[in-house]
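One file, model.txt, carrying compact mmCIF, C-alpha atoms and all ligand atoms:
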```txt
# COMPACT_ATOMS: atom_id res chain seq x y z
CA LEU A 1 129.11 91.08 88.46
CA THR A 2 125.85 91.72 90.28
CA SER A 3 125.78 95.40 89.36
CA PRO A 4 122.54 96.35 87.61
CA LEU A 5 124.77 98.14 85.11
CA ALA A 6 126.93 95.12 84.34
CA ASP A 7 125.22 94.59 81.01
CA ALA A 8 125.86 98.17 79.99
CA GLY A 9 129.62 97.81 79.91
CA ASP A 10 131.33 101.17 79.91
CA ARG A 11 128.54 102.88 78.09
CA HIS A 12 127.63 105.09 81.08
CA ALA A 13 131.19 105.70 82.33
CA ARG A 14 131.02 109.46 81.77
CA THR A 15 127.50 109.72 83.18
CA ARG A 16 128.72 107.84 86.27
CA LEU A 17 131.30 110.61 86.84
CA TRP A 18 128.34 112.97 87.10
CA LEU A 19 125.82 110.86 89.06
CA GLY A 20 128.09 108.51 90.99
CA ASP A 21 127.57 104.74 91.21
CA GLU A 22 124.57 104.98 93.50
CA GLY A 23 122.86 107.72 91.52
CA LEU A 24 123.37 105.95 88.22
CA ALA A 25 122.12 102.66 89.67
CA ALA A 26 119.01 104.41 90.99
CA VAL A 27 118.35 105.94 87.56
CA CYS A 28 118.90 102.57 85.91
CA GLU A 29 116.38 100.92 88.23
CA THR A 30 113.63 103.53 87.82
CA PRO A 31 111.05 102.55 85.21
CA VAL A 32 109.84 105.46 83.07
CA CYS A 33 106.48 105.77 81.38
CA ILE A 34 106.33 108.24 78.50
CA VAL A 35 102.81 109.18 77.50
CA GLY A 36 102.81 110.74 74.04
CA ALA A 37 105.50 109.66 71.57
CA GLY A 38 105.55 112.73 69.35
CA GLY A 39 108.19 115.37 68.83
CA THR A 40 108.95 115.85 72.53
CA GLY A 41 108.18 112.33 73.77
CA SER A 42 110.48 110.73 71.21
CA LEU A 43 113.38 112.91 72.36
CA CYS A 44 112.57 112.32 76.04
CA LEU A 45 112.88 108.58 75.37
CA THR A 46 116.19 108.94 73.57
CA PHE A 47 117.68 111.32 76.14
CA ALA A 48 116.44 109.18 79.05
CA ALA A 49 117.96 106.01 77.56
CA TYR A 50 121.29 107.75 76.96
CA LEU A 51 121.30 109.00 80.57
CA GLY A 52 120.86 105.53 82.02
CA PHE A 53 117.14 104.84 82.34
CA ARG A 54 116.55 101.34 81.06
CA ASP A 55 112.91 100.28 81.46
CA PHE A 56 110.31 102.12 79.45
CA LEU A 57 106.60 102.00 78.89
CA LEU A 58 105.58 103.95 75.78
CA VAL A 59 101.99 105.04 75.30
CA ASP A 60 100.73 106.47 71.99
CA ASP A 61 98.32 105.29 69.30
CA ASP A 62 99.57 107.68 66.62
CA ARG A 63 101.25 106.70 63.39
CA LEU A 64 104.18 108.48 61.78
CA ASP A 65 103.27 111.06 59.15
CA ALA A 66 105.61 112.71 56.64
CA SER A 67 105.03 116.01 58.46
CA ASN A 68 106.61 114.49 61.61
CA LEU A 69 109.99 114.03 59.93
CA ASN A 70 111.09 117.62 60.67
CA ARG A 71 111.46 116.65 64.34
CA PHE A 72 111.35 112.85 64.64
CA VAL A 73 115.06 112.10 64.48
CA ASN A 74 114.49 108.44 65.37
CA ALA A 75 112.63 107.79 62.11
CA THR A 76 113.43 107.44 58.42
CA PRO A 77 111.05 108.13 55.51
CA ALA A 78 110.53 104.35 55.27
CA ASP A 79 108.82 104.49 58.69
CA ILE A 80 105.90 106.62 57.50
CA GLY A 81 102.63 104.90 58.40
CA ARG A 82 104.09 102.83 61.25
CA HIS A 83 103.11 103.32 64.88
CA LYS A 84 105.44 105.91 66.40
CA ILE A 85 106.06 103.73 69.45
CA ASP A 86 107.15 100.85 67.17
CA VAL A 87 109.54 103.15 65.31
CA LEU A 88 110.99 104.35 68.61
CA ALA A 89 111.37 100.86 70.08
CA ALA A 90 113.17 99.63 66.95
CA ASP A 91 115.47 102.65 66.91
CA LEU A 92 116.30 102.30 70.61
CA ALA A 93 117.03 98.58 70.22
CA LEU A 94 119.85 99.57 67.87
CA LYS A 95 121.17 102.53 69.83
CA VAL A 96 120.83 101.41 73.46
CA PRO A 97 120.17 97.66 73.31
CA GLN A 98 120.16 97.31 77.12
CA CYS A 99 116.79 99.05 77.25
CA ARG A 100 113.52 97.20 77.62
CA VAL A 101 110.64 98.93 75.89
CA GLU A 102 107.02 97.97 76.47
CA ARG A 103 104.51 99.47 74.06
CA LEU A 104 100.85 100.32 74.52
CA PRO A 105 99.29 101.64 71.29
CA HIS A 106 96.59 103.53 73.15
CA GLN A 107 95.53 107.11 73.56
CA PHE A 108 95.47 108.19 77.19
CA PRO A 109 93.21 107.75 79.08
CA SER A 110 92.74 104.04 78.47
CA ILE A 111 92.01 101.29 80.99
CA ASP A 112 95.08 99.31 79.94
CA VAL A 113 97.36 102.28 80.61
CA ILE A 114 95.73 102.98 83.97
CA ASP A 115 96.10 99.30 84.98
CA ARG A 116 99.74 99.24 83.93
CA LEU A 117 100.57 102.47 85.79
CA ALA A 118 98.99 101.01 88.94
CA ASP A 119 101.35 98.01 88.67
CA GLU A 120 104.77 99.55 88.97
CA ARG A 121 106.53 102.59 90.47
CA PHE A 122 106.88 104.45 87.19
CA LEU A 123 108.26 107.94 86.85
CA VAL A 124 105.74 109.36 84.40
CA ILE A 125 106.64 111.88 81.70
CA GLY A 126 103.71 113.40 79.82
CA CYS A 127 104.31 114.74 76.32
CA VAL A 128 100.70 115.17 75.27
CA ASP A 129 99.42 118.18 73.32
CA SER A 130 95.91 118.64 74.64
CA VAL A 131 95.03 119.90 78.10
CA LYS A 132 92.37 117.47 79.33
CA PRO A 133 94.39 114.23 79.15
CA ARG A 134 97.30 115.97 80.86
CA ILE A 135 95.13 116.94 83.81
CA GLU A 136 93.65 113.44 83.90
CA LEU A 137 97.13 111.91 83.81
CA ASP A 138 98.24 114.19 86.64
CA ILE A 139 95.24 113.23 88.78
CA LEU A 140 95.84 109.52 88.09
CA CYS A 141 99.52 109.79 89.00
CA ARG A 142 98.68 111.60 92.24
CA ARG A 143 96.17 108.90 93.17
CA LEU A 144 98.81 106.25 92.53
CA GLY A 145 101.53 108.20 94.33
CA LEU A 146 103.60 108.56 91.14
CA THR A 147 105.60 111.66 90.27
CA TYR A 148 104.44 113.28 87.03
CA VAL A 149 106.65 115.43 84.80
CA ASP A 150 104.67 117.38 82.19
CA VAL A 151 106.34 118.83 79.09
CA GLY A 152 104.76 121.45 76.85
CA THR A 153 105.90 123.60 73.95
CA GLY A 154 104.05 126.13 71.88
CA PHE A 155 103.91 129.30 69.85
CA GLY A 156 102.32 132.59 70.85
CA ARG A 157 100.52 134.81 68.36
CA ASP A 158 99.31 138.38 68.30
CA ALA A 159 95.81 139.47 67.22
CA ALA A 160 96.86 139.26 63.57
CA GLN A 161 97.93 135.64 64.14
CA THR A 162 101.57 136.51 63.55
CA ILE A 163 103.85 134.31 65.65
CA THR A 164 105.40 136.52 68.33
CA ASP A 165 107.10 134.04 70.63
CA SER A 166 107.80 130.39 71.19
CA GLY A 167 108.91 128.43 74.18
CA GLY A 168 107.84 125.83 76.64
CA GLN A 169 107.51 124.67 80.17
CA VAL A 170 108.19 121.63 82.30
CA LEU A 171 106.02 121.03 85.37
CA VAL A 172 106.68 118.52 88.16
CA SER A 173 103.62 117.33 90.09
CA ARG A 174 104.39 115.15 93.10
CA ALA A 175 102.89 114.02 96.38
CA GLY A 176 102.48 116.96 98.75
CA GLY A 177 103.25 119.48 95.99
CA ALA A 178 101.20 121.58 93.62
CA CYS A 179 99.11 119.83 91.00
CA LEU A 180 99.22 120.63 87.29
CA MET A 181 96.33 123.08 87.58
CA CYS A 182 98.06 124.99 90.38
CA LEU A 183 101.33 124.89 88.43
CA GLY A 184 99.76 127.03 85.73
CA PHE A 185 97.06 125.31 83.76
CA THR A 186 94.34 127.37 85.42
CA HIS A 187 95.93 130.51 84.00
CA LEU A 188 96.45 129.12 80.54
CA LEU A 189 92.96 128.89 79.19
CA ASP A 190 93.83 131.09 76.21
CA THR A 191 94.82 128.44 73.71
CA ARG A 192 96.91 130.92 71.75
CA ASP A 193 99.27 131.17 74.68
CA TYR A 194 102.48 129.40 73.72
CA LEU A 195 102.41 127.25 76.81
CA VAL A 196 99.35 125.30 75.80
CA PRO A 197 99.02 124.42 72.12
CA GLY A 198 95.38 124.67 71.29
CA GLY A 199 92.74 123.61 68.87
CA THR A 200 92.77 120.94 66.24
CA GLU A 201 94.62 122.83 63.49
CA ALA A 202 98.23 121.92 62.83
CA GLU A 203 100.57 123.96 65.02
CA PRO A 204 104.18 124.76 64.28
CA SER A 205 106.55 122.25 65.85
CA VAL A 206 110.31 122.46 65.63
CA LEU A 207 113.06 120.05 66.61
CA THR A 208 115.29 122.53 68.43
CA LEU A 209 112.57 123.80 70.77
CA ASN A 210 111.39 120.26 71.48
CA ALA A 211 114.98 119.24 72.22
CA VAL A 212 115.46 122.04 74.78
CA MET A 213 112.30 121.14 76.67
CA ALA A 214 112.90 117.37 76.47
CA ALA A 215 116.41 117.91 77.87
CA VAL A 216 115.05 120.00 80.76
CA ALA A 217 112.40 117.35 81.52
CA VAL A 218 114.80 114.41 81.42
CA ASP A 219 117.37 116.22 83.56
CA LEU A 220 114.64 116.81 86.16
CA ALA A 221 113.65 113.14 85.88
CA VAL A 222 117.26 112.07 86.48
CA ALA A 223 117.43 114.27 89.59
CA ILE A 224 114.20 112.74 90.90
CA ALA A 225 115.26 109.16 90.17
CA ALA A 226 118.73 109.69 91.64
CA GLY A 227 117.11 110.85 94.89
CA HIS A 228 118.12 114.51 94.63
CA PRO A 229 115.00 116.19 93.21
CA ARG A 230 115.28 119.86 92.35
CA GLU A 231 113.45 122.19 94.68
CA HIS A 232 111.58 123.92 91.83
CA ASN A 233 108.54 122.36 90.24
CA LYS A 234 108.16 124.66 87.25
CA VAL A 235 110.60 125.66 84.51
CA MET A 236 109.64 128.17 81.84
CA TYR A 237 111.64 128.93 78.72
CA SER A 238 111.16 131.61 76.11
CA ARG A 239 113.12 130.90 72.98
CA ASP A 240 112.60 134.29 71.37
CA ARG A 241 113.51 136.33 74.44
CA PHE A 242 116.12 133.70 75.42
CA THR A 243 115.03 133.69 79.03
CA ALA A 244 114.45 130.83 81.41
CA ALA A 245 113.09 130.74 84.95
CA SER A 246 112.52 128.11 87.59
CA MET A 247 110.10 128.46 90.48
CA LEU A 248 108.56 126.52 93.33
CA ILE A 249 104.77 126.84 93.26
CA PRO A 250 103.05 125.70 96.48
CA PRO A 251 99.79 123.77 96.47
CA SER A 252 96.76 126.04 96.71
CA PRO A 253 94.77 125.32 99.92
CA ASP A 254 91.49 125.64 98.00
CA CYS A 255 92.49 123.37 95.14
CA ALA A 256 90.24 120.35 94.71
CA ILE A 257 93.20 118.29 93.48
CA CYS A 258 96.16 119.20 95.69
CA GLY A 259 94.70 121.47 98.41
CA THR A 260 93.92 120.64 102.00
CA GLY A 261 91.50 117.74 102.14
CA ALA A 262 91.85 117.18 98.41
CA ALA A 263 92.25 113.42 98.70
CA ALA A 264 88.60 112.99 99.57
CA ARG A 265 87.48 115.23 96.75
CA VAL A 266 89.87 114.28 93.97
CA ALA A 267 87.69 111.46 92.68
CA GLY A 268 85.06 113.97 91.62
CA VAL A 269 87.42 116.49 90.06
CA LEU A 270 87.23 115.35 86.49
CA GLY A 271 83.55 116.15 86.48
CA GLN A 272 84.40 119.71 87.52
CA VAL A 273 86.96 120.53 84.85
CA PRO A 274 85.34 123.32 82.82
CA ASP A 275 84.34 122.48 79.25
CA ALA A 276 86.86 125.00 77.91
CA GLU A 277 89.62 122.72 79.14
CA ARG A 278 88.10 119.51 77.82
CA ARG A 279 89.85 118.77 74.57
ZN ZN A 301 96.16 122.06 92.80
```

Full structure transcribed into C-alpha cells:
Amino acid sequence: LTSPLADAGDRHARTRLWLGDEGLAAVCETPVCIVGAGGTGSLCLTFAAYLGFRDFLLVDDDRLDASNLNRFVNATPADIGRHKIDVLAADLALKVPQCRVERLPHQFPSIDVIDRLADERFLVIGCVDSVKPRIELDILCRRLGLTYVDVGTGFGRDAAQTITDSGGQVLVSRAGGACLMCLGFTHLLDTRDYLVPGGTEAEPSVLTLNAVMAAVAVDLAVAIAAGHPREHNKVMYSRDRFTAASMLIPPSPDCAICGTGAAARVAGVLGQVPDAERR
C-alpha cells in the first residue's frame, strides 16, 4: 500500500518485468524537466510518462501552429493557437492521469526556470532547436549537479541545397563527464549539418525521425534514473544510411566548461561563446 506505484495499478506491469520493482520505483520518483515542447519534446514527455516517470516540469513559450500537426500527435486541430505545454498537459491527464505536470510558459533561459531547476533534483531533457540555449542549459545543469540529456535532429544539404541526409543525436552531459561542447557542438558550427538545425527559416521536421531520437533519449533517461546509466554519452543516428553509433567522449582537459579546473572558470564561459554560436 505504501508503494510509490500503488496509484498506477497494473499500468506498468510489463515495464516492471524489464526494470524490476526497484528500477521502476526509481524511475517513478525521478522528476523530469523537459525544455522545449516541440516535435521531439512532446514525444519525450509521452514516452517518459508511459515508461513510468511521473513528475514533469515542462518549459516552452510556444503556441501550436497548424504546421506542427505533422508531428504533434498529442494535439488536435482544435488546439491550434494554444500553448504547446497546455496541450501536452491536457493530453497527458487523459492518457496517464497519475502524472503531475508543472508548466512554465517561458523560453529558456529565464530566471523562473533557473530558480525551479535549482529547487529539485530534476533529470533534464533538452529538446531545443538553437545552439546557444542548449549550451547555456548544459552549463546551468552542470553548475547545479543535474544530468542533462540533449536531443537534436536535422537535415543535411549539399551545395545545391538538396537534402542529402537526415538523422539526429542524443548527448548526455553529467558531472565528471564531457560537456555539450566537447560532445560535439564545437565541431558543428556549420548550420547546414544535420546535427544542428540552423537559421531562422523553417526546417523540415518529421514525426518518424523525432520519434526515433525521442525514444533513444528517454531510454537513456530511464537507464540513468534506474541507476544503471549507459557507459556511452553520445548516440548518433543517420536515417538515410540507416546507421547508428554510440561512443564515450571524455572531457577535454583544456575545456573551459568540463576540463581540469573548469569549475572556477565556468561562470565566465557564456561570455566566451563565439558569436557564430549565439542564436
Ligand atoms: Zn567540455

**Nearby residues, ligand ZN 301 (chain A), 7 Å, all atoms listed in the file, as a PyMOL selection string** = chain A and resi 178-182+251-252+255-259

**Request:** For range 8-25 of chain A, work out the shell of residues within 12 Å, counting only C-alpha atoms and skipping chain neighbours fewer than 3 positions away, then give it as a PyMOL selection string.
**Result:** chain A and resi 1-5+28-31+48-54+95-99+219+222-229

**Message:** Excluding range 62-64 of chain A and its own-chain neighbours fewer than 3 positions away, which residues fall within 8 Å of it when counting all atoms listed in the file? Please give them as a count of residues only.
**Reply:** 9

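One finds CA of Leu146 in chain A at 6.6 Å from CA of Phe122 in chain A.
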
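Using all atoms listed in the file for every distance, the candidate list A:Pro77, A:Gly177, A:Pro109, A:Gly126 yields A:Gly126 as the residue closest to Gly36 in chain A.
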
**Request:** Figure out the distance between CA of Thr164 in chain A and CA of Asp150 in chain A, please, to one decimal in Å.
**Result:** 23.6 Å

**Request:** For Gly145 in chain A, please output as a count of residues only all residues within 8 Å (counting all atoms listed in the file; exclusion window: fewer than 4 positions along the same chain).
**Result:** 3

**Request:** May I ask for the distance between CA of Val149 in chain A and CA of Cys127 in chain A, given in Å to one decimal place?
**Result:** 8.8 Å

**Item:** 10 Å contact set for Gln107 in chain A, all atoms listed in the file, chain neighbours under 6 positions out, as a VMD selection string
**Value:** chain A and resid 35 to 36 59 to 62 113 128 133

**Request:** Rank A:Leu43, A:Leu183, A:Val87, A:Ala214 by their smallest atom-to-atom distance to Met247 in chain A, using all atoms listed in the file, and report the top residue only.
**Result:**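 Closest to Met247 in chain A, using all atoms listed in the file: A:Leu183.
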
**Request:** Compare A:Ala75, A:Val32, A:Val172, A:Leu144 by their minimum atom-to-atom distance to Pro250 in chain A, counting only C-alpha atoms, and give me the closest one.
**Result:**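 Once distances to Pro250 in chain A are computed over only C-alpha atoms, the minimum belongs to A:Val172.
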
**Asked** Which one of A:Leu248, A:Cys33, A:Leu220, A:Ile139 sits closest to Arg121 in chain A if you count all atoms listed in the file?
**Response**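 Looking only at the distances to Arg121 in chain A, the closest residue turns out to be A:Cys33.
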
As lines of an AutoDock Vina configuration file, please: the centre and edge lengths in Å, to one decimal, of an axis-aligned box enclosing every listed atom of range 215-225 of chain A with 6 Å added on each side.
```
center_x = 114.9
center_y = 114.6
center_z = 84.4
size_x = 17.0
size_y = 22.8
size_z = 25.0
```
